[in-house]
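Content type mmCIF, C-alpha atoms, from the file entry.cif:
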```
data_protein
#
loop_
_atom_site.label_atom_id
_atom_site.label_comp_id
_atom_site.auth_asym_id
_atom_site.auth_seq_id
_atom_site.Cartn_x
_atom_site.Cartn_y
_atom_site.Cartn_z
CA MET H 1170 101.91 63.03 67.39
CA LYS H 1171 99.93 66.30 67.28
CA SER H 1172 98.92 65.81 63.65
CA LEU H 1173 97.83 62.27 64.44
CA ILE H 1174 95.65 63.43 67.32
CA LYS H 1175 94.02 66.06 65.11
CA ALA H 1176 93.29 63.46 62.44
CA LEU H 1177 91.73 61.17 65.04
CA GLU H 1178 89.62 64.02 66.38
CA LYS H 1179 88.20 64.63 62.91
CA ARG H 1180 87.32 60.96 62.54
CA ALA H 1181 85.70 60.99 65.97
CA SER H 1182 83.63 64.06 65.05
CA ALA H 1183 82.54 62.37 61.84
CA GLY H 1184 81.42 59.31 63.82
CA CYS H 1185 83.90 57.13 61.90
CA PRO H 1186 86.64 55.96 64.28
CA VAL H 1187 89.81 54.51 62.81
CA GLN H 1188 90.38 50.80 63.19
CA PHE H 1189 93.99 49.79 63.78
CA TRP H 1190 95.39 46.30 63.88
CA LEU H 1191 98.90 45.08 64.72
CA ARG H 1192 100.83 42.35 62.92
CA ASP H 1193 104.30 41.27 63.99
CA ASP H 1194 106.32 38.85 61.86
CA ASP H 1195 108.91 36.09 62.24
CA ALA H 1196 107.96 34.68 65.64
CA ILE H 1197 109.82 31.43 66.29
CA GLU H 1198 110.54 31.01 69.98
CA PRO H 1199 110.35 32.87 73.30
CA THR H 1200 112.82 35.77 73.32
CA LYS H 1201 113.30 38.98 75.28
CA PRO H 1202 112.09 41.11 72.32
CA LEU H 1203 108.95 38.98 72.05
CA ASP H 1204 108.33 39.32 75.79
CA ARG H 1205 108.78 43.08 75.43
CA LEU H 1206 106.21 43.19 72.64
CA LEU H 1207 103.71 41.08 74.56
CA ASP H 1208 104.20 43.15 77.73
CA LEU H 1209 103.64 46.37 75.77
CA CYS H 1210 100.47 45.00 74.23
CA GLU H 1211 99.20 43.77 77.60
CA GLN H 1212 99.94 47.14 79.20
CA HIS H 1213 97.78 48.96 76.64
CA GLY H 1214 95.28 46.22 75.86
CA VAL H 1215 96.29 46.03 72.20
CA PRO H 1216 95.65 42.73 70.36
CA VAL H 1217 98.51 41.45 68.24
CA THR H 1218 98.68 38.95 65.39
CA LEU H 1219 101.95 37.03 65.44
CA ALA H 1220 103.05 35.61 62.10
CA VAL H 1221 104.73 32.37 63.20
CA ILE H 1222 107.16 30.36 61.04
CA PRO H 1223 105.87 26.77 61.46
CA ALA H 1224 109.05 24.87 60.52
CA LEU H 1225 111.15 26.82 63.00
CA SER H 1226 108.77 26.99 65.96
CA GLY H 1227 107.45 24.47 68.43
CA SER H 1228 106.09 23.83 71.90
CA PRO H 1229 108.23 26.46 73.72
CA LEU H 1230 106.54 29.26 71.77
CA ALA H 1231 103.11 27.69 72.15
CA SER H 1232 103.59 27.44 75.92
CA ASN H 1233 104.81 31.02 76.09
CA LEU H 1234 101.75 32.36 74.26
CA ALA H 1235 99.10 30.08 75.72
CA HIS H 1236 97.93 32.41 78.46
CA SER H 1237 97.73 35.63 76.45
CA SER H 1238 94.19 36.50 75.40
CA LEU H 1239 95.49 39.30 73.15
CA VAL H 1240 97.56 37.07 70.84
CA ALA H 1241 96.44 35.51 67.58
CA VAL H 1242 98.73 33.17 65.63
CA ALA H 1243 98.87 33.31 61.83
CA VAL H 1244 100.83 31.11 59.40
CA HIS H 1245 104.04 32.73 58.13
CA GLY H 1246 104.72 30.47 55.17
CA TRP H 1247 106.51 27.26 56.12
CA SER H 1248 110.24 27.85 56.64
CA HIS H 1249 110.78 31.45 55.48
CA GLN H 1250 113.24 30.12 52.91
CA ASN H 1251 113.96 31.97 49.69
CA TYR H 1252 113.60 29.96 46.47
CA ALA H 1253 113.91 32.85 44.01
CA PRO H 1254 117.15 33.37 42.09
CA ALA H 1255 119.46 36.25 42.96
CA SER H 1256 118.04 38.25 40.05
CA GLU H 1257 114.57 38.32 41.66
CA LYS H 1258 113.16 39.55 44.95
CA LYS H 1259 113.11 36.98 47.73
CA GLN H 1260 110.10 34.68 47.72
CA GLU H 1261 109.10 31.41 49.35
CA LEU H 1262 105.58 31.15 47.96
CA GLY H 1263 106.32 31.51 44.27
CA LEU H 1264 106.51 29.04 41.40
CA HIS H 1265 110.25 28.49 41.60
CA ARG H 1266 109.43 24.88 42.55
CA PRO H 1267 106.37 22.69 41.92
CA LEU H 1268 103.07 24.18 43.09
CA THR H 1269 102.17 20.88 44.76
CA GLU H 1270 105.28 21.17 46.96
CA VAL H 1271 104.45 24.75 47.99
CA VAL H 1272 100.86 23.83 48.81
CA ALA H 1273 101.90 20.71 50.75
CA GLU H 1274 104.17 22.81 52.97
CA LEU H 1275 101.40 25.33 53.61
CA GLU H 1276 99.04 22.49 54.51
CA ARG H 1277 101.59 21.17 56.98
CA GLY H 1278 102.22 24.62 58.44
CA TYR H 1279 98.50 25.23 58.84
CA ALA H 1280 97.99 21.88 60.58
CA ASP H 1281 101.04 22.27 62.84
CA LEU H 1282 100.12 25.73 64.11
CA GLU H 1283 96.43 24.89 64.46
CA GLN H 1284 97.38 21.93 66.65
CA ARG H 1285 99.96 23.78 68.75
CA HIS H 1286 98.08 27.01 69.28
CA THR H 1287 94.48 25.71 69.21
CA GLU H 1288 92.59 28.67 70.73
CA GLN H 1289 94.87 31.38 69.31
CA PHE H 1290 95.22 30.07 65.78
CA VAL H 1291 93.61 32.04 62.96
CA PRO H 1292 93.32 30.82 59.32
CA LEU H 1293 95.35 33.73 57.99
CA LEU H 1294 98.38 33.36 55.73
CA VAL H 1295 101.20 35.89 55.98
CA PRO H 1296 103.61 35.24 53.09
CA PRO H 1297 107.30 35.68 53.89
CA TRP H 1298 108.53 38.95 52.38
CA ASN H 1299 104.84 39.71 51.69
CA ARG H 1300 105.07 37.99 48.29
CA ILE H 1301 102.94 35.18 46.90
CA ASP H 1302 102.09 33.90 43.43
CA ALA H 1303 98.48 34.02 42.24
CA ALA H 1304 98.47 30.26 41.67
CA VAL H 1305 99.31 29.70 45.34
CA ILE H 1306 96.58 32.15 46.38
CA GLN H 1307 94.05 30.08 44.44
CA ALA H 1308 94.95 27.04 46.55
CA LEU H 1309 94.53 28.76 49.93
CA PRO H 1310 90.77 28.21 50.50
CA GLY H 1311 91.23 24.50 49.85
CA ILE H 1312 93.77 24.37 52.68
CA GLY H 1313 91.44 26.18 55.06
CA PHE H 1314 92.71 29.74 54.91
CA THR H 1315 90.04 32.44 54.99
CA GLY H 1316 92.36 35.43 54.69
CA LEU H 1317 95.67 36.64 53.30
CA SER H 1318 97.83 39.45 54.71
CA THR H 1319 100.59 41.16 52.75
CA PHE H 1320 101.73 44.80 52.68
CA GLY H 1321 100.21 47.81 50.93
CA ALA H 1322 97.27 47.88 48.57
CA GLN H 1323 95.09 44.84 47.91
CA THR H 1324 96.47 42.83 45.00
CA SER H 1325 94.05 39.90 44.73
CA ASN H 1326 90.32 39.24 44.78
CA LEU H 1327 90.75 35.49 45.13
CA ILE H 1328 90.60 35.58 48.94
CA PRO H 1329 89.86 38.33 51.49
CA MET H 1330 92.99 40.41 52.11
CA ILE H 1331 93.72 42.11 55.44
CA ASN H 1332 96.89 43.99 54.69
CA THR H 1333 99.37 45.99 56.70
CA HIS H 1334 100.21 49.52 55.57
CA VAL H 1335 102.83 51.06 57.87
CA ASP H 1336 106.15 49.27 58.43
CA LEU H 1337 108.10 50.30 61.51
CA ILE H 1338 111.42 49.18 60.02
CA ASP H 1339 113.57 51.00 57.45
CA TRP H 1340 114.54 47.90 55.46
CA ARG H 1341 116.21 49.79 52.61
CA GLY H 1342 118.29 52.08 54.82
CA SER H 1343 119.34 51.72 58.43
CA ARG H 1344 117.29 48.53 58.95
CA GLY H 1345 116.30 50.08 62.27
CA GLY H 1346 113.18 51.89 63.37
CA ARG H 1347 111.98 54.62 61.02
CA PRO H 1348 111.75 58.25 62.20
CA THR H 1349 108.66 58.98 64.31
CA THR H 1350 107.66 61.90 62.09
CA ASP H 1351 107.67 59.77 58.95
CA LEU H 1352 105.60 57.04 60.57
CA ALA H 1353 103.09 59.50 62.04
CA ASN H 1354 102.73 61.25 58.68
CA GLU H 1355 102.04 57.95 56.92
CA ILE H 1356 99.34 57.08 59.43
CA VAL H 1357 97.76 60.53 59.18
CA ASN H 1358 97.63 60.20 55.39
CA LEU H 1359 95.89 56.84 55.70
CA ILE H 1360 93.42 58.20 58.26
CA GLN H 1361 92.54 61.06 55.95
CA ASN H 1362 92.28 59.08 52.73
CA THR H 1363 91.02 55.60 53.59
CA ARG H 1364 88.25 53.99 55.59
CA THR H 1365 89.74 50.51 55.74
CA PRO H 1366 91.47 49.17 58.86
CA ILE H 1367 95.07 50.38 59.10
CA GLY H 1368 97.62 47.63 59.65
CA ILE H 1369 100.80 48.37 61.59
CA LEU H 1370 103.67 45.99 60.82
CA GLY H 1371 106.46 45.16 63.25
CA HIS H 1372 109.33 42.67 63.47
CA HIS H 1373 110.08 42.35 67.18
CA LEU H 1374 113.43 40.62 66.65
CA VAL H 1375 114.94 43.66 64.91
CA HIS H 1376 113.21 46.53 66.74
CA ASP H 1377 115.58 49.20 68.00
CA ASP H 1378 114.75 51.93 70.52
CA ASN H 1379 113.09 54.05 67.82
CA ALA H 1380 110.67 51.27 66.89
CA TRP H 1381 109.79 50.44 70.49
CA GLN H 1382 109.31 54.09 71.41
CA PHE H 1383 107.06 54.73 68.44
CA LEU H 1384 104.86 51.74 69.25
CA GLU H 1385 104.49 52.91 72.83
CA GLN H 1386 103.69 56.47 71.72
CA LEU H 1387 101.18 55.21 69.17
CA PHE H 1388 99.42 53.02 71.72
CA ALA H 1389 99.33 55.82 74.29
CA ALA H 1390 97.85 58.25 71.75
CA THR H 1391 95.19 55.94 70.34
CA VAL H 1392 94.05 53.33 72.85
CA GLU H 1393 91.70 55.60 74.79
CA HIS H 1394 90.92 58.04 71.97
CA GLU H 1395 87.30 58.03 70.81
CA GLY H 1396 88.52 58.36 67.23
CA ALA H 1397 90.39 55.06 67.26
CA SER H 1398 90.17 51.42 68.27
CA TRP H 1399 92.56 48.48 68.12
CA VAL H 1400 90.83 45.37 66.82
CA PRO H 1401 91.86 41.71 66.84
CA ILE H 1402 92.36 40.01 63.51
CA SER H 1403 89.34 37.82 64.24
CA HIS H 1404 87.15 40.93 63.79
CA LEU H 1405 88.56 41.48 60.30
CA LEU H 1406 88.54 37.94 58.94
CA PRO H 1407 85.34 36.65 57.29
CA ASP H 1408 82.98 34.79 59.59
CA PRO H 1409 83.07 31.14 58.43
CA ARG H 1410 79.50 30.73 59.65
CA LEU H 1411 78.23 33.16 57.03
CA PRO H 1412 77.67 32.08 53.41
CA SER H 1413 80.21 33.39 50.93
CA GLU H 1414 79.08 35.75 48.21
#
```

Could you render the structure from this file as structure tokens?
Amino acid sequence: MKSLIKALEKRASAGCPVQFWLRDDDAIEPTKPLDRLLDLCEQHGVPVTLAVIPALSGSPLASNLAHSSLVAVAVHGWSHQNYAPASEKKQELGLHRPLTEVVAELERGYADLEQRHTEQFVPLLVPPWNRIDAAVIQALPGIGFTGLSTFGAQTSNLIPMINTHVDLIDWRGSRGGRPTTDLANEIVNLIQNTRTPIGILGHHLVHDDNAWQFLEQLFAATVEHEGASWVPISHLLPDPRLPSE
């Protein structure tokens, strides 16, 4: 973490602290891993955006989250079901079925989570597998969404995008937590070369010891550093009270 601290010190000296935000995907129900994530966030005062799968969640999750002021709930598609053929990458929000059907499910997911999570709900769509067709993106404002969150560089100007950039999990290899050095180096590179908020992406259900330890180390190194701040997703989404450009 020494290189990370040095990078934060430079941003602090320049009067340009880094903004971090945390997104964690695939929340469905109360589990020990979810409790561990929430406890870690509470311990360090780090806000977290949970991407919740509407079709698979319900009142138990809503009750579990209701008293946490650090949690925001975003819409993680509808059922996290793949409709792409085996020859393509997995996708729920593509045009492998009628657009009207895809939009109707997103409308239902939006309404369900808004009703269940009232105070914690945010109008942010997190596409399963971080993939979404442009035609579906065009429909999002009509549903009520004011933001879209995928992974990596911005790929659309149709709606504000608040993306994640550093994935804790090695999906193509061990499918466990990535090495601390690799994760720290990625974050340092982003700190040095971007001025946009840096999104950290987790999947609490598959975190191993490496992933949990890195999160704890990252929080410990950044939470009280003058060169960094952890912001809630509500600070990054457009203010609906302001006129659009």

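Considering all atoms listed in the file, the residue among H:Leu1268, H:Leu1275, H:Leu1406, H:Ala1196 positioned nearest to H:Ala1303 is H:Leu1268.
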
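Proximity ranking of H:Glu1385, H:Asn1332, H:Ile1356, H:Ser1403 relative to H:Leu1209 places H:Glu1385 first, based on only C-alpha atoms.
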
> Quick one: residues within 9 Å of H:Ala1380, all atoms listed in the file counted, chain neighbours fewer than 6 positions away excluded, as an NGL selection string?
Replying inline: :H and (1337-1338 or 1345-1349 or 1371 or 1373)

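Ranking H:Ser1228, H:Arg1344, H:Leu1352, H:Gly1396 by their shortest atom-to-atom distance to H:Asp1377, with all atoms listed in the file included, puts H:Arg1344 first.
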
>> Could you tell me, as a PyMOL selection string, exactly which residues end up selected when the PyMOL selection byres ((chain H and resi 1247-1260) around 7) is applied to this structure?
In response: chain H and resi 1222-1225+1245-1246+1261-1263+1265+1274-1275+1278+1297-1298+1300

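One distance worth recording is that between atom CA of H:Ile1328 and atom CA of H:Leu1374, which is 29.3 Å.
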
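Atom pair atom CA of H:Leu1387 / atom CA of H:Asn1299: separated by 23.6 Å.
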
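Residues matched by the PyMOL selection byres ((chain H and resi 1404) around 12) in this structure: Gln1188, Phe1189, Trp1190, Pro1216, Thr1218, Ala1241, Val1291, Gly1316, Ile1331, Pro1366, Ser1398, Trp1399, Val1400, Pro1401, Ile1402, Ser1403, Leu1405, Leu1406, Pro1407, Asp1408 and Pro1409 of chain H.
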
>> With distances taken over only C-alpha atoms, which residue among H:Val1335, H:Val1305, H:Glu1283, H:Pro1202 lies nearest H:Pro1267?
In response: H:Val1305

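Between H:Gln1386 and the candidates H:Arg1180, H:Lys1175, H:His1213, H:His1372, the tightest atom-to-atom separation, counting only C-alpha atoms, involves H:His1213.
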
>> Take the PyMOL selection byres ((chain H and resi 1314) around 7), run it mentally on this structure, and tell me the resulting residues as a PyMOL selection string.
In response: chain H and resi 1292-1294+1309-1310+1312-1313+1315-1316
